[in-house]
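S.K.: Quick one, data_12.txt (compact mmCIF, C-alpha atoms and all ligand atoms):
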```txt
# COMPACT_ATOMS: atom_id res chain seq x y z
CA MET A 1 95.89 94.68 119.88
CA LYS A 2 98.47 95.13 117.15
CA ALA A 3 98.99 92.74 114.23
CA LEU A 4 101.68 92.74 111.54
CA VAL A 5 100.62 90.90 108.38
CA THR A 6 103.13 90.13 105.62
CA GLY A 7 101.91 89.84 102.05
CA ALA A 8 98.92 92.03 102.91
CA SER A 9 98.62 93.64 99.46
CA ALA A 10 96.73 90.73 97.88
CA GLY A 11 95.01 87.38 98.31
CA ILE A 12 94.91 85.67 101.67
CA GLY A 13 97.07 88.35 103.32
CA ARG A 14 94.73 91.14 102.28
CA ALA A 15 91.74 89.16 103.53
CA LEU A 16 93.57 88.49 106.80
CA ALA A 17 94.38 92.18 107.24
CA THR A 18 90.74 93.10 106.58
CA THR A 19 89.37 90.41 108.90
CA LEU A 20 91.78 91.33 111.69
CA ALA A 21 91.01 95.04 111.37
CA ALA A 22 87.28 94.28 111.60
CA ALA A 23 88.01 92.25 114.74
CA GLY A 24 89.66 95.27 116.38
CA TYR A 25 93.32 94.79 115.56
CA SER A 26 95.47 97.71 114.51
CA VAL A 27 97.16 96.30 111.41
CA THR A 28 100.63 96.92 109.99
CA ALA A 29 100.42 95.74 106.37
CA VAL A 30 103.69 94.67 104.72
CA ALA A 31 104.36 93.98 101.02
CA ARG A 32 106.31 95.38 98.03
CA ARG A 33 103.49 97.14 96.12
CA GLU A 34 102.97 100.52 97.72
CA ASP A 35 99.84 101.38 95.72
CA ARG A 36 98.15 98.17 96.80
CA LEU A 37 99.00 98.81 100.44
CA ASP A 38 97.65 102.35 100.19
CA GLY A 39 94.44 100.97 98.67
CA LEU A 40 94.15 98.57 101.58
CA LEU A 41 94.69 101.34 104.15
CA ASP A 42 92.00 103.45 102.44
CA ALA A 43 89.61 100.53 102.73
CA LEU A 44 90.51 99.85 106.38
CA GLY A 45 90.21 103.45 107.58
CA PRO A 46 92.28 105.12 110.31
CA GLY A 47 94.36 103.31 112.91
CA HIS A 48 96.43 101.12 110.59
CA ASP A 49 99.79 101.52 108.87
CA ARG A 50 101.93 99.95 106.21
CA LEU A 51 105.53 99.12 105.44
CA VAL A 52 106.84 98.69 101.91
CA ALA A 53 109.44 95.92 102.07
CA ASP A 54 110.79 93.11 99.91
CA LEU A 55 111.02 90.22 102.35
CA ALA A 56 113.29 88.24 100.04
CA THR A 57 116.05 90.79 100.72
CA PRO A 58 118.14 91.49 103.85
CA GLU A 59 117.10 95.18 103.78
CA GLY A 60 113.40 94.33 103.67
CA LEU A 61 113.79 91.85 106.50
CA ARG A 62 115.76 94.33 108.62
CA ALA A 63 113.09 97.00 108.15
CA THR A 64 110.27 94.61 109.06
CA ALA A 65 112.08 93.14 112.07
CA GLY A 66 112.78 96.73 113.12
CA ARG A 67 109.07 97.55 112.95
CA LEU A 68 108.32 94.56 115.20
CA ALA A 69 110.82 95.96 117.72
CA GLU A 70 109.24 99.41 117.78
CA ALA A 71 105.98 98.47 119.48
CA PRO A 72 104.50 95.47 121.31
CA TYR A 73 102.73 93.43 118.63
CA THR A 74 100.19 90.86 119.82
CA LEU A 75 100.03 88.99 116.52
CA LEU A 76 102.50 88.31 113.71
CA VAL A 77 101.13 86.74 110.54
CA ASN A 78 103.88 85.38 108.31
CA ASN A 79 101.76 85.11 105.18
CA ALA A 80 103.86 86.35 102.23
CA GLY A 81 104.81 83.44 100.03
CA ALA A 82 105.69 82.59 96.46
CA ALA A 83 106.26 79.58 94.22
CA VAL A 84 108.11 78.58 91.09
CA HIS A 85 105.97 76.39 88.85
CA GLY A 86 107.56 73.67 86.74
CA GLY A 87 110.07 70.87 86.99
CA PHE A 88 112.93 71.84 89.30
CA ALA A 89 115.78 71.21 86.82
CA ALA A 90 113.94 73.07 84.06
CA THR A 91 113.41 76.25 86.08
CA SER A 92 115.82 78.94 87.26
CA LEU A 93 117.88 78.19 90.36
CA GLU A 94 117.84 81.88 91.23
CA ASP A 95 114.03 81.85 91.30
CA SER A 96 113.97 78.76 93.51
CA LEU A 97 116.41 80.32 95.96
CA ALA A 98 114.29 83.49 96.09
CA VAL A 99 111.31 81.31 97.04
CA LEU A 100 113.34 79.85 99.90
CA ASP A 101 114.37 83.34 101.03
CA LEU A 102 110.74 84.46 101.22
CA ASN A 103 109.01 81.27 102.36
CA CYS A 104 111.65 80.14 104.89
CA ARG A 105 114.33 82.73 105.71
CA ALA A 106 111.82 85.56 106.15
CA VAL A 107 109.55 83.38 108.30
CA VAL A 108 112.45 82.40 110.59
CA THR A 109 113.82 85.95 110.81
CA LEU A 110 110.50 87.58 111.64
CA ALA A 111 109.48 84.76 114.01
CA HIS A 112 112.70 85.40 115.95
CA ALA A 113 112.19 89.16 116.04
CA PHE A 114 108.62 88.61 117.29
CA LEU A 115 109.15 85.79 119.78
CA THR A 116 112.10 87.38 121.56
CA ARG A 117 109.74 90.22 122.57
CA ALA A 118 106.37 88.45 122.68
CA ARG A 119 104.33 88.75 125.86
CA PRO A 120 102.02 86.05 127.23
CA GLY A 121 98.85 86.00 125.13
CA ALA A 122 100.66 86.86 121.90
CA THR A 123 100.24 84.73 118.75
CA LEU A 124 102.50 83.82 115.84
CA LEU A 125 100.57 82.55 112.82
CA ASN A 126 102.63 81.10 109.97
CA VAL A 127 100.73 80.51 106.73
CA SER A 128 101.83 77.14 105.41
CA SER A 129 99.95 74.90 102.95
CA THR A 130 98.40 71.45 102.68
CA LEU A 131 101.27 70.79 100.22
CA GLY A 132 103.52 70.83 103.28
CA PHE A 133 102.01 67.43 104.16
CA THR A 134 102.07 65.97 100.64
CA PRO A 135 104.46 67.48 98.10
CA LYS A 136 103.27 68.24 94.58
CA PRO A 137 105.57 67.44 91.63
CA GLY A 138 106.11 70.65 89.68
CA LEU A 139 106.07 72.60 92.95
CA GLY A 140 108.97 70.87 94.66
CA VAL A 141 110.75 73.80 96.28
CA TYR A 142 107.43 75.37 97.30
CA SER A 143 106.11 72.13 98.84
CA ALA A 144 109.39 71.58 100.70
CA SER A 145 109.36 75.17 101.97
CA LYS A 146 105.87 74.64 103.38
CA ALA A 147 106.92 71.35 105.02
CA PHE A 148 109.63 73.45 106.67
CA VAL A 149 107.12 76.09 107.81
CA THR A 150 104.78 73.47 109.29
CA SER A 151 107.56 71.57 111.05
CA PHE A 152 109.15 74.78 112.38
CA SER A 153 105.78 76.05 113.65
CA GLU A 154 105.08 72.78 115.44
CA THR A 155 108.31 72.94 117.44
CA LEU A 156 107.67 76.60 118.26
CA TRP A 157 104.15 75.73 119.41
CA HIS A 158 105.67 73.34 121.93
CA GLU A 159 108.52 75.63 123.00
CA GLN A 160 106.33 78.69 123.47
CA LYS A 161 103.22 77.28 125.14
CA THR A 162 104.71 77.28 128.65
CA ARG A 163 105.21 81.05 128.40
CA GLY A 164 101.69 81.57 127.10
CA VAL A 165 102.64 82.46 123.53
CA HIS A 166 100.56 80.68 120.91
CA VAL A 167 102.11 79.47 117.63
CA LEU A 168 100.28 77.79 114.79
CA ALA A 169 100.70 76.86 111.16
CA LEU A 170 97.61 77.58 109.10
CA CYS A 171 97.46 75.22 106.13
CA PRO A 172 95.12 76.39 103.36
CA GLY A 173 94.30 74.18 100.42
CA VAL A 174 93.65 75.65 96.98
CA THR A 175 92.48 79.24 97.44
CA ALA A 176 91.41 81.51 94.57
CA THR A 177 93.98 84.34 94.53
CA GLU A 178 96.09 86.23 91.97
CA SER A 179 98.78 83.57 91.99
CA GLN A 180 96.36 80.63 92.08
CA HIS A 181 93.67 80.61 89.44
CA ALA A 182 92.64 77.10 90.42
CA GLU A 183 91.38 76.38 86.90
CA ASP A 184 92.25 72.68 87.00
CA VAL A 185 90.80 72.12 90.47
CA PRO A 186 87.17 71.15 91.15
CA SER A 187 85.31 74.20 92.42
CA TRP A 188 84.06 72.37 95.54
CA LEU A 189 87.68 72.22 96.70
CA VAL A 190 88.51 75.88 96.18
CA GLN A 191 88.21 78.32 99.10
CA THR A 192 88.06 82.09 98.95
CA PRO A 193 90.71 84.17 100.75
CA GLU A 194 87.94 85.44 103.04
CA GLU A 195 87.03 81.89 104.08
CA VAL A 196 90.67 81.18 104.89
CA ALA A 197 91.00 84.43 106.85
CA THR A 198 87.85 83.70 108.86
CA ARG A 199 89.17 80.24 109.74
CA ALA A 200 92.51 81.77 110.71
CA LEU A 201 90.91 84.26 113.11
CA GLN A 202 88.83 81.48 114.64
CA ALA A 203 92.00 79.40 115.19
CA VAL A 204 93.78 82.37 116.77
CA ARG A 205 90.86 83.06 119.12
CA ARG A 206 90.52 79.40 120.11
CA ARG A 207 94.29 79.01 120.38
CA GLU A 208 94.16 75.98 118.08
CA GLY A 209 97.32 74.32 116.90
CA PRO A 210 99.96 73.38 116.21
CA THR A 211 98.56 72.92 112.69
CA VAL A 212 95.15 73.93 111.36
CA VAL A 213 93.95 72.90 107.92
CA SER A 214 91.53 75.44 106.49
CA GLY A 215 88.21 73.92 105.41
CA ARG A 216 86.59 70.59 106.27
CA ARG A 217 87.09 69.19 102.77
CA ASN A 218 90.78 70.03 102.80
CA ALA A 219 91.10 68.46 106.25
CA VAL A 220 89.48 65.21 105.06
CA LEU A 221 91.55 65.14 101.87
CA THR A 222 94.76 65.76 103.80
CA ALA A 223 93.95 62.99 106.26
CA VAL A 224 93.12 60.52 103.46
CA THR A 225 96.20 61.44 101.41
CA GLY A 226 98.33 60.92 104.53
CA LEU A 227 97.13 57.30 104.72
CA LEU A 228 98.14 56.50 101.13
CA PRO A 229 101.52 55.00 100.23
CA ARG A 230 103.89 57.88 99.46
CA LYS A 231 104.33 56.77 95.81
CA THR A 232 100.57 56.73 95.27
CA ALA A 233 100.12 60.17 96.82
CA LEU A 234 102.91 61.59 94.63
CA SER A 235 101.41 60.06 91.50
CA LEU A 236 97.96 61.44 92.33
CA LEU A 237 99.27 64.96 92.95
CA GLY A 238 101.61 64.79 89.98
N1 LIG A 301 96.44 80.54 97.08
C1 LIG A 301 96.58 79.27 97.45
O1 LIG A 301 96.02 78.34 96.82
C2 LIG A 301 97.39 78.91 98.66
C3 LIG A 301 97.28 77.62 99.18
C4 LIG A 301 98.01 77.27 100.31
C5 LIG A 301 98.86 78.19 100.89
N2 LIG A 301 98.96 79.45 100.36
C6 LIG A 301 99.89 80.37 101.02
O2 LIG A 301 99.18 81.53 101.42
C7 LIG A 301 100.04 82.65 101.38
C8 LIG A 301 99.40 83.74 100.54
O3 LIG A 301 99.16 83.21 99.26
P1 LIG A 301 98.24 83.98 98.19
O4 LIG A 301 97.74 82.96 97.24
O5 LIG A 301 97.30 84.87 98.90
O6 LIG A 301 99.37 84.81 97.42
P2 LIG A 301 99.22 86.07 96.41
O7 LIG A 301 97.81 86.37 96.11
O8 LIG A 301 100.18 85.77 95.32
O9 LIG A 301 99.82 87.22 97.31
C9 LIG A 301 101.12 87.11 97.79
C10 LIG A 301 101.37 88.22 98.75
O10 LIG A 301 102.74 88.12 99.19
C11 LIG A 301 103.39 89.35 98.86
N3 LIG A 301 104.77 89.09 98.48
C12 LIG A 301 105.22 88.30 97.47
N4 LIG A 301 106.55 88.35 97.41
C13 LIG A 301 106.95 89.20 98.38
C14 LIG A 301 108.22 89.70 98.79
N5 LIG A 301 109.35 89.31 98.19
N6 LIG A 301 108.26 90.57 99.84
C15 LIG A 301 107.12 90.97 100.45
N7 LIG A 301 105.90 90.55 100.10
C16 LIG A 301 105.82 89.67 99.08
C17 LIG A 301 102.60 89.94 97.71
O11 LIG A 301 102.71 91.36 97.73
P3 LIG A 301 103.63 92.22 96.75
O12 LIG A 301 103.65 91.54 95.42
O13 LIG A 301 102.96 93.55 96.77
O14 LIG A 301 104.95 92.23 97.44
C18 LIG A 301 101.19 89.56 98.11
O15 LIG A 301 100.68 90.47 99.05
C19 LIG A 301 101.37 82.17 100.83
O16 LIG A 301 102.25 81.88 101.88
C20 LIG A 301 100.98 80.90 100.10
O17 LIG A 301 102.05 79.99 100.00
C21 LIG A 301 98.25 79.85 99.26
```
Rewrite the structure from the file as structure tokens, please.
Ligand SMILES: NC(=O)c1ccc[n+]([C@@H]2O[C@H](COP(=O)([O-])OP(=O)(O)OC[C@H]3O[C@@H](n4cnc5c(N)ncnc54)[C@H](OP(=O)(O)O)[C@@H]3O)[C@@H](O)[C@H]2O)c1
M.R.:
Amino acid sequence: MKALVTGASAGIGRALATTLAAAGYSVTAVARREDRLDGLLDALGPGHDRLVADLATPEGLRATAGRLAEAPYTLLVNNAGAAVHGGFAATSLEDSLAVLDLNCRAVVTLAHAFLTRARPGATLLNVSSTLGFTPKPGLGVYSASKAFVTSFSETLWHEQKTRGVHVLALCPGVTATESQHAEDVPSWLVQTPEEVATRALQAVRRREGPTVVSGRRNAVLTAVTGLLPRKTALSLLG
């Protein structure tokens, strides 16, 4: 079993790479920071490899799609993601467009490279977010990009199931990582990257989908927020 994990140098992606390796997958770890990837490979031991690539660029995407074409991968994890924090009009357009390149364009490009070759039994796991269900003011482009990832994954789930290829969107809530210090969030709501990775592997094994919210509390909160009037939900998150 071969898995390619994007954004494997830190956070949820690193935990996913570690969890998958422990479960017997041979992991290809993709990210920009070479030293971090080498540290991961040292920790994983032999049988894994890495690709240094910036997935917000055409070159990085070409290299990663090329890697997917070189060998039959059984699992693609589109995990790499980024956000711009702050009001949309007050932040740089260039930064927002780079978020779209990574969170949406890269996901679509790599999904296509994977699914055109996927064999029955293969899985595509796209890491989305609970913010894909309810957008958070101050994270507008990010929330919208995750709504895209969830919606896209759901249609792929339907399209691919007849050929035995499993697609799911994993939707974590707040998870303590480098980019998410979760200081203003109650600790009972914060998951660790390892908890998210464990839930992801469980969902892959059980072929759950099309969307899986990580953590019971996040699932309840998402369900409740979905029942609220849109204005109320926006005010609460804002
Ligand atoms: N943390 C949360 O609360 C939370 C909640 C819901 C969903 N998520 C989603 O979970 C995923 C992982 O989040 P995280 O919190 O674990 O993030 P993180 O700790 O900030 O790590 C992000 C990973 O993506 C890689 N990355 C960033 N930009 C990249 C680029 N241009 N090309 C290639 N790799 C790139 C980073 O590696 P390099 O810097 O080495 O490239 C790193 O490995 C994201 O899709 C995020 O939206 C996170």
S.K.: Mind dumping a table of every chain A residue within 7 Å of ligand LIG 301 (chain A), with the nearest atom pair and its distance in Å to one decimal, using all atoms listed in the file, sorted by chain and rising number, as CSV?
M.R.:
```
residue,atom,partner,partner_atom,distance
A:Thr6,CA,A:LIG301,N7,6.2
A:Gly7,CA,A:LIG301,O15,3.3
A:Ala8,CA,A:LIG301,O15,4.5
A:Ser9,CA,A:LIG301,O15,3.8
A:Ala10,CA,A:LIG301,O15,4.1
A:Gly11,CA,A:LIG301,O5,3.4
A:Ile12,CA,A:LIG301,O5,3.7
A:Gly13,CA,A:LIG301,O5,5.6
A:Arg14,CA,A:LIG301,O15,6.8
A:Val30,CA,A:LIG301,N7,6.6
A:Ala31,CA,A:LIG301,N7,3.9
A:Arg32,CA,A:LIG301,O14,3.5
A:Arg33,CA,A:LIG301,O13,3.7
A:Arg36,CA,A:LIG301,O13,6.7
A:Ala53,CA,A:LIG301,C15,5.7
A:Asp54,CA,A:LIG301,N6,3.6
A:Leu55,CA,A:LIG301,N6,3.7
A:Ala56,CA,A:LIG301,N5,4.5
A:Asn79,CA,A:LIG301,O16,4.6
A:Ala80,CA,A:LIG301,O10,3.7
A:Gly81,CA,A:LIG301,O16,3.5
A:Ala82,CA,A:LIG301,O17,5.7
A:Leu102,CA,A:LIG301,N5,5.9
A:Asn103,CA,A:LIG301,O16,6.8
A:Val127,CA,A:LIG301,O16,5.3
A:Ser128,CA,A:LIG301,C5,5.5
A:Ser129,CA,A:LIG301,C5,4.0
A:Thr130,CA,A:LIG301,C4,6.3
A:Cys171,CA,A:LIG301,C5,6.2
A:Pro172,CA,A:LIG301,C4,4.3
A:Gly173,CA,A:LIG301,C3,4.7
A:Val174,CA,A:LIG301,O1,3.6
A:Thr175,CA,A:LIG301,O1,3.7
A:Ala176,CA,A:LIG301,N1,5.7
A:Thr177,CA,A:LIG301,O7,4.6
A:Glu178,CA,A:LIG301,O7,4.5
A:Ser179,CA,A:LIG301,O8,4.2
A:Gln180,CA,A:LIG301,N1,5.0
A:Pro193,CA,A:LIG301,O5,6.9
```
S.K.: In Å, rounded to a single decimal, give me how far CA of Arg199 in chain A is from CA of Val220 in chain A.
M.R.: 15.7 Å
S.K.: Calculate how many Å separate CA of Tyr142 in chain A from CA of Gly87 in chain A, rounding to one decimal.
M.R.: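 A separation of 11.6 Å between them.
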S.K.: Taking 6 positions as the minimum chain separation for residues in the same chain, which residues sit within 12 Å of Leu41 in chain A when counting all atoms listed in the file? Answer as a list in words.
M.R.: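 So, after excluding close chain neighbours, the residues are Ala8, Ser9, Arg14, Ala17, Thr18, Ala21, Ser26, Val27, Thr28, Ala29, Val30, Glu34, Asp35, Gly47, His48, Asp49, Arg50 and Leu51 of chain A.
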S.K.: Can you list, as number ranges by chain, every protein, DNA or RNA residue that comes within 6 Å of Asn126 in chain A when you count all atoms listed in the file, leaving out same-chain residues fewer than 2 positions away?
M.R.: A: 77-78, 169
S.K.: Just the number, please: distance in Å from CA of Val190 in chain A to CA of Arg216 in chain A, one decimal.
M.R.: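 A separation of 11.6 Å between them.
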S.K.: Which of these residues is nearest to Leu234 in chain A, using only C-alpha atoms: A:Asn218, A:Thr134, A:Thr19, A:Ser92?
M.R.: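 For Leu234 in chain A, the nearest of the given residues is A:Thr134.
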S.K.: Would you mind listing what lies within 9 Å of range 106-120 of chain A as number ranges by chain, with only C-alpha atoms counted and same-chain residues fewer than 3 positions away left out?
M.R.: A: 55-58, 61-62, 64-66, 68-69, 72-76, 78-80, 100-103, 123-124, 126, 149, 152, 160, 163-166
S.K.: Which residue gives the smallest distance to Leu40 in chain A among A:Leu16, A:Val212, A:Leu237, A:Leu156, with all atoms listed in the file counted?
M.R.: A:Leu16
S.K.: So that I can check the surroundings of Ala203 in chain A, please list as a PDB file with C-alpha atoms, in the frame of the given file every protein, DNA and RNA residue that reaches within 9 Å of it, counting all atoms listed in the file and ignoring chain neighbours fewer than 5 positions away.
M.R.:
```
ATOM      1  CA  LEU A 168     100.280  77.790 114.790  1.00  0.00           C
ATOM      2  CA  LEU A 170      97.610  77.580 109.100  1.00  0.00           C
ATOM      3  CA  THR A 198      87.850  83.700 108.860  1.00  0.00           C
ATOM      4  CA  GLU A 208      94.160  75.980 118.080  1.00  0.00           C
ATOM      5  CA  GLY A 209      97.320  74.320 116.900  1.00  0.00           C
ATOM      6  CA  VAL A 212      95.150  73.930 111.360  1.00  0.00           C
TER       7      VAL A 212
END
```
S.K.: Kindly indicate which residue among A:Arg67, A:Val185, A:Arg105, A:Arg205 lies nearest to Val52 in chain A, using all atoms listed in the file for the distances.
M.R.: A:Arg67
S.K.: Save range 118-129 of chain A from what I just supplied, as a compact mmCIF listing (two decimals), in the first residue's frame, atoms limited to C-alpha atoms.
M.R.:
```txt
# COMPACT_ATOMS: atom_id res chain seq x y z
CA ALA A 118 -6.82 4.79 -9.34
CA ARG A 119 -7.64 1.10 -9.10
CA PRO A 120 -10.65 -0.34 -7.25
CA GLY A 121 -9.97 -0.19 -3.52
CA ALA A 122 -8.04 3.08 -3.74
CA THR A 123 -8.94 6.09 -1.55
CA LEU A 124 -8.78 9.86 -2.01
CA LEU A 125 -8.92 11.74 1.29
CA ASN A 126 -9.28 15.53 1.07
CA VAL A 127 -8.71 17.40 4.32
CA SER A 128 -11.41 20.04 4.55
CA SER A 129 -12.66 21.79 7.71
```
